[in-house]
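Okay, coords-v2.txt is below, compact mmCIF, C-alpha atoms:
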```txt
# COMPACT_ATOMS: atom_id res chain seq x y z
CA MET A 1 0.00 0.00 0.00
CA LYS A 2 1.33 3.43 -0.90
CA LYS A 3 2.13 5.87 1.88
CA TYR A 4 0.01 9.01 1.83
CA TYR A 5 2.90 11.32 0.92
CA GLU A 6 3.55 9.28 -2.22
CA ALA A 7 0.45 10.91 -3.70
CA TYR A 8 2.87 13.53 -5.03
CA GLU A 9 4.05 10.91 -7.50
CA ASP A 10 0.51 10.85 -8.91
CA ARG A 11 0.31 14.65 -8.98
CA TYR A 12 3.60 15.02 -10.86
CA LYS A 13 2.54 12.41 -13.41
CA GLN A 14 -0.84 14.06 -13.91
CA VAL A 15 0.60 17.56 -14.36
CA HIS A 16 3.53 16.54 -16.55
CA SER A 17 1.40 14.41 -18.87
CA LYS A 18 -1.34 17.03 -19.23
CA THR A 19 0.69 20.24 -19.41
CA LYS A 20 4.34 19.28 -20.11
CA LYS A 21 5.19 21.86 -17.43
CA ALA A 22 6.56 21.70 -13.89
CA TRP A 23 3.94 21.77 -11.13
CA ALA A 24 6.09 24.06 -8.98
CA GLY A 25 7.43 26.12 -11.87
CA GLU A 26 11.09 26.53 -12.75
CA LYS A 27 11.97 29.65 -10.76
CA PRO A 28 14.48 28.81 -7.99
CA SER A 29 14.49 30.25 -4.49
CA GLU A 30 17.71 32.25 -4.44
CA ILE A 31 17.69 32.53 -0.65
CA PHE A 32 19.41 29.14 -0.41
CA LYS A 33 22.41 30.39 -2.38
CA THR A 34 22.56 33.36 0.00
CA LEU A 35 22.55 30.99 2.98
CA LEU A 36 25.30 28.82 1.47
CA GLU A 37 27.41 31.94 1.14
CA LYS A 38 26.49 33.03 4.69
CA TYR A 39 27.73 29.73 6.12
CA LYS A 40 30.80 29.73 3.85
CA ILE A 41 30.01 26.34 2.35
CA SER A 42 32.75 25.44 -0.10
CA LYS A 43 31.89 24.70 -3.71
CA LYS A 44 34.29 21.75 -3.49
CA GLU A 45 32.09 19.81 -1.06
CA SER A 46 28.72 18.17 -1.70
CA ILE A 47 25.56 19.50 -0.14
CA LEU A 48 22.22 17.69 0.13
CA GLU A 49 18.70 18.66 -0.86
CA VAL A 50 16.05 16.55 0.85
CA GLY A 51 12.91 16.27 -1.27
CA CYS A 52 14.06 18.10 -4.40
CA GLY A 53 10.75 17.89 -6.29
CA GLU A 54 11.27 19.02 -9.87
CA GLY A 55 14.80 20.19 -9.18
CA GLN A 56 14.73 23.93 -9.81
CA ASN A 57 16.74 24.76 -6.69
CA ALA A 58 19.34 22.02 -7.12
CA ILE A 59 19.87 22.94 -10.78
CA PHE A 60 20.19 26.63 -9.93
CA LEU A 61 22.79 25.94 -7.24
CA SER A 62 24.68 23.63 -9.57
CA GLU A 63 24.73 26.36 -12.21
CA SER A 64 26.22 28.59 -9.50
CA GLY A 65 29.08 26.13 -9.03
CA TYR A 66 27.88 23.97 -6.13
CA LYS A 67 27.93 20.17 -6.04
CA ILE A 68 24.50 18.86 -5.11
CA ASP A 69 23.14 15.49 -4.07
CA ALA A 70 19.36 15.76 -4.44
CA PHE A 71 16.69 13.13 -3.90
CA ASP A 72 12.94 12.74 -3.86
CA VAL A 73 10.53 9.89 -3.13
CA SER A 74 8.89 10.44 -6.54
CA GLU A 75 10.36 8.60 -9.52
CA GLU A 76 8.43 10.90 -11.86
CA ALA A 77 9.99 13.97 -10.22
CA ILE A 78 13.51 12.57 -10.44
CA ASN A 79 13.07 11.67 -14.11
CA TRP A 80 11.91 15.25 -14.71
CA CYS A 81 14.98 16.57 -12.85
CA LYS A 82 17.38 14.45 -14.87
CA ASN A 83 15.82 15.55 -18.15
CA LYS A 84 15.97 19.22 -17.12
CA ALA A 85 19.59 18.90 -16.04
CA LYS A 86 20.46 17.30 -19.37
CA GLU A 87 18.53 20.00 -21.24
CA LYS A 88 20.43 22.73 -19.38
CA LYS A 89 23.74 20.84 -19.62
CA VAL A 90 24.08 20.80 -15.83
CA THR A 91 26.46 18.12 -14.57
CA GLY A 92 27.00 19.06 -10.92
CA VAL A 93 23.83 17.45 -9.55
CA ASN A 94 23.39 13.84 -8.53
CA PHE A 95 19.62 13.22 -8.64
CA PHE A 96 18.35 9.97 -7.11
CA ILE A 97 15.17 8.35 -5.75
CA MET A 98 14.93 7.83 -1.99
CA ASP A 99 12.43 8.06 0.85
CA ALA A 100 13.83 10.13 3.71
CA LEU A 101 11.60 8.19 6.11
CA ASP A 102 12.74 4.73 5.04
CA ASN A 103 16.35 4.24 3.92
CA ASP A 104 19.84 3.15 4.92
CA TYR A 105 21.66 6.18 3.50
CA LYS A 106 25.00 6.81 5.21
CA LYS A 107 26.63 9.91 3.69
CA LYS A 108 26.95 13.04 5.85
CA TYR A 109 27.14 16.70 4.89
CA ASN A 110 28.14 20.10 6.22
CA PHE A 111 24.98 21.63 4.70
CA ILE A 112 21.49 20.23 4.05
CA TYR A 113 18.42 22.10 2.88
CA SER A 114 14.78 21.20 2.42
CA VAL A 115 12.17 23.21 0.54
CA ALA A 116 8.45 22.61 1.13
CA VAL A 117 8.73 19.00 2.29
CA LEU A 118 8.03 18.89 6.03
CA HIS A 119 4.58 20.44 5.57
CA MET A 120 3.68 17.51 3.30
CA LEU A 121 4.08 15.17 6.27
CA VAL A 122 0.99 15.00 8.44
CA GLU A 123 1.58 12.25 10.99
CA GLU A 124 3.66 13.08 14.07
CA GLU A 125 5.97 10.08 13.64
CA ASP A 126 6.71 10.99 10.03
CA ARG A 127 7.54 14.60 10.82
CA LEU A 128 9.96 13.65 13.58
CA ARG A 129 11.58 10.95 11.44
CA PHE A 130 12.11 13.49 8.69
CA LEU A 131 13.85 15.91 11.04
CA LYS A 132 15.95 13.10 12.51
CA PHE A 133 17.05 12.17 8.98
CA ILE A 134 18.46 15.67 8.64
CA LYS A 135 20.22 15.47 12.02
CA ASP A 136 21.65 12.01 11.31
CA HIS A 137 23.13 13.16 7.99
CA LEU A 138 24.76 16.35 9.22
CA ASN A 139 28.38 16.39 10.26
CA GLU A 140 29.17 17.74 13.73
CA ASP A 141 28.51 21.51 13.59
CA GLY A 142 26.83 21.02 10.18
CA LYS A 143 24.10 23.48 9.23
CA ALA A 144 20.66 22.89 7.71
CA VAL A 145 17.85 25.11 6.46
CA ILE A 146 14.25 23.93 6.58
CA MET A 147 11.53 25.82 4.72
CA VAL A 148 7.82 25.09 5.12
CA MET A 149 4.56 26.72 4.12
CA GLY A 150 2.93 28.94 6.71
CA ASP A 151 3.00 32.28 8.51
CA GLY A 152 3.77 30.93 11.97
CA LYS A 153 0.25 31.68 13.22
CA MET A 154 -2.16 29.46 11.27
CA GLU A 155 -2.74 25.71 11.47
CA LYS A 156 -4.02 23.30 8.83
CA LYS A 157 -4.17 19.52 8.65
CA THR A 158 -5.53 17.53 5.70
CA ASP A 159 -7.08 14.06 5.82
CA ILE A 160 -4.40 11.61 4.63
CA LYS A 161 -7.12 9.16 3.59
CA LYS A 162 -8.00 11.58 0.78
CA ALA A 163 -4.42 12.16 -0.43
CA PHE A 164 -4.91 10.23 -3.67
CA ASP A 165 -8.39 11.59 -4.42
CA LEU A 166 -8.66 13.74 -7.52
CA SER A 167 -9.62 17.39 -7.26
CA LYS A 168 -9.78 20.25 -9.74
CA ARG A 169 -6.98 22.78 -9.40
CA LYS A 170 -6.10 25.90 -11.35
CA PHE A 171 -2.78 25.59 -13.15
CA GLY A 172 -1.90 28.71 -15.09
CA GLU A 173 -4.93 29.36 -17.24
CA GLU A 174 -6.09 25.73 -17.11
CA ILE A 175 -8.22 23.74 -14.71
CA ILE A 176 -6.83 20.22 -14.29
CA GLU A 177 -7.52 17.23 -12.08
CA VAL A 178 -4.69 16.27 -9.76
CA ALA A 179 -4.19 14.23 -6.59
CA GLU A 180 -5.19 16.04 -3.40
CA THR A 181 -1.84 15.08 -1.72
CA SER A 182 -1.27 16.08 1.91
CA CYS A 183 -0.47 19.16 3.96
CA ARG A 184 0.07 20.08 7.58
CA ILE A 185 0.80 23.69 8.48
CA VAL A 186 1.79 24.38 12.08
CA LYS A 187 2.48 27.39 14.29
CA TRP A 188 6.01 28.44 15.24
CA GLU A 189 5.63 26.92 18.70
CA LYS A 190 4.90 23.48 17.26
CA LEU A 191 7.62 23.60 14.58
CA LEU A 192 10.35 24.74 16.96
CA ARG A 193 9.34 22.09 19.50
CA GLU A 194 9.63 19.39 16.81
CA ILE A 195 13.07 20.63 15.84
CA LYS A 196 14.21 20.51 19.46
CA GLU A 197 12.79 16.99 19.91
CA SER A 198 14.76 15.80 16.88
CA GLY A 199 18.02 16.84 18.52
CA LEU A 200 18.72 19.75 16.19
CA ASN A 201 19.60 23.17 17.57
CA GLU A 202 17.73 26.18 16.24
CA ARG A 203 19.93 29.10 15.24
CA LYS A 204 17.32 31.42 13.75
CA HIS A 205 13.71 31.39 12.54
CA TYR A 206 11.84 33.91 10.44
CA ILE A 207 9.21 34.52 7.76
CA ASP A 208 10.42 35.03 4.21
CA GLU A 209 8.28 36.33 1.35
CA SER A 210 10.85 35.77 -1.42
CA VAL A 211 10.63 31.96 -1.63
CA SER A 212 9.39 30.98 -5.08
CA GLY A 213 5.81 29.69 -5.12
CA PHE A 214 4.82 30.87 -1.62
CA SER A 215 3.34 34.14 -0.43
CA LYS A 216 4.93 33.45 2.96
CA ALA A 217 7.32 30.76 4.08
CA MET A 218 8.59 29.77 7.51
CA ILE A 219 12.35 29.26 7.52
CA VAL A 220 14.41 27.72 10.31
CA GLU A 221 18.20 27.63 10.30
CA VAL A 222 19.51 24.78 12.48
CA GLU A 223 22.79 23.10 13.37
CA ASN A 224 23.89 19.70 14.59
CA LYS A 225 25.74 20.51 17.78
CA ASN A 226 25.88 18.43 20.96
```

So, in terms of structure tokens, how does the structure I just supplied come out?
Amino acid sequence: MKKYYEAYEDRYKQVHSKTKKAWAGEKPSEIFKTLLEKYKISKKESILEVGCGEGQNAIFLSESGYKIDAFDVSEEAINWCKNKAKEKKVTGVNFFIMDALDNDYKKKYNFIYSVAVLHMLVEEEDRLRFLKFIKDHLNEDGKAVIMVMGDGKMEKKTDIKKAFDLSKRKFGEEIIEVAETSCRIVKWEKLLREIKESGLNERKHYIDESVSGFSKAMIVEVENKN
């Protein structure tokens, strides 16, 4: 039986087959390049994107000279990423399929980032496992940036039993049927408590309105420090 968050595989397939366009668009969120520069992450070392979706951020960072390992649970999304990288002649990204909640991945990094993934996870156990994946794959004193949908004040929780149900959504000028998928938006208090429970240390949290595809995004900068 598919896990509820795998409904994004259905959504990507539906959108790509019907429109030949990326669901999330192709505009990257340049804030992550700014944060790499802030933390003085070398372009000689690999960094990790957890849940890369259609790859716009990983490709952008690779074009800027960074070496990126980027994975997603969706095979459709990773195939899209590889085709886009080939189209743009980008060679500095290693795209691969993996589930952050169920894997035996061993490699560690000095910098990990995640864009719009944690809010797709609804169940408490899944959210904590996701954050622990980030902690477990950071080197000592390694930094990570986690971005989720929300304004820090509102809450929202979808019914995971309906994740694969079809619904009509506006996409550009079209109305198309796509999988409902899943979403859980939490307040700052909840998100920061989850981060603490995972063993990560919060450095800074704030709202950013420049992240591509979101009117407002909650961003937390964390580190792995005992």

Which neighbours of Val93 (chain A) fall inside 8 Å, counting all atoms listed in the file, when residues of the same chain fewer than 2 positions from it are skipped, and could you give them as a PyMOL selection string? chain A and resi 58-59+62+67-70+85+90-91+95

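Restricting the calculation to all atoms listed in the file, the smallest distance between Lys2 (chain A) and any of A:Asn94, A:Gln56, A:Ser114, A:Ser74 is found for A:Ser74.
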
Residues within 10 Å of Val50 (chain A), all atoms listed in the file, excluding chain neighbours under 5 positions, as a ChimeraX atom specification: /A:69-73,98-100,112-118,130,133-134,146

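Once Met120 (chain A) and its same-chain neighbours fewer than 5 positions away are set aside, Tyr5, Ser182, Cys183 and Arg184 of chain A remain within 7 Å of it when counting only C-alpha atoms.
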
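Closest approach to Asp165 (chain A) among A:Glu180, A:Asp151, A:Glu75, A:Glu87 is made by A:Glu180 (distances from all atoms listed in the file).
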
Computed interatomic separation between CA of Glu189 (chain A) and CA of Val122 (chain A) (Å):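 Spanning CA of Glu189 (chain A) to CA of Val122 (chain A) is a straight-line distance of 16.4 Å.
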
Separation of CA of Glu223 (chain A) from CA of Leu200 (chain A) in Å: 6.0 Å

Atomic distance CA of Tyr39 (chain A) - CA of Lys216 (chain A), expressed in Å with one decimal: 23.3 Å

Determine the nearest neighbour of Ser46 (chain A) from the options A:Trp23, A:Phe32, A:Tyr12, A:Phe111, counting all atoms listed in the file.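 Smallest distance to Ser46 (chain A) is found for A:Phe111.
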
Show me as a ChimeraX atom specification the residues that reach within 10 Å of (18.0, 20.6, 19.3), counting all atoms listed in the file and using the file's own coordinates. /A:135,192-203,222-226

Out of A:Ile97, A:Ala77, A:Val145, A:Glu140, which residue has the shortest atom-to-atom distance to Thr34 (chain A) when counting only C-alpha atoms?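 Residue with the minimum atom-to-atom distance to Thr34 (chain A): A:Val145.
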
Between A:Ala163, A:Val186, A:Ile47, A:Ile176, single out the one closest to Gly65 (chain A), counting all atoms listed in the file.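 For Gly65 (chain A), the nearest of the candidates is A:Ile47.
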
Can you list, as a list of chain:residue names, every protein, DNA or RNA residue that comes within 7 Å of Gly152 (chain A) when you count all atoms listed in the file, leaving out same-chain residues fewer than 6 positions away?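 That gives A:Val186, A:Lys187, A:Trp188, A:Met218.
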
Residues within 6 Å of Asn139 (chain A), please, as a ChimeraX atom specification. Count only C-alpha atoms; anything in the same chain fewer than 4 positions from it doesn't count. /A:108-110

From the options A:Leu36, A:Arg11, A:Pro28, A:Glu6, which residue's atoms come nearest to Arg169 (chain A), counting all atoms listed in the file?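 When distances to Arg169 (chain A) are compared using all atoms listed in the file, the smallest one comes from A:Arg11.
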
Put a box with edges along x, y and z around all the listed atoms of region 64-68 of chain A, pad it by 4 Å on each side, then give me its centre and sizes in Å, one decimal, as lines of an AutoDock Vina configuration file.
```
center_x = 26.8
center_y = 23.7
center_z = -7.3
size_x = 12.6
size_y = 17.7
size_z = 12.4
```
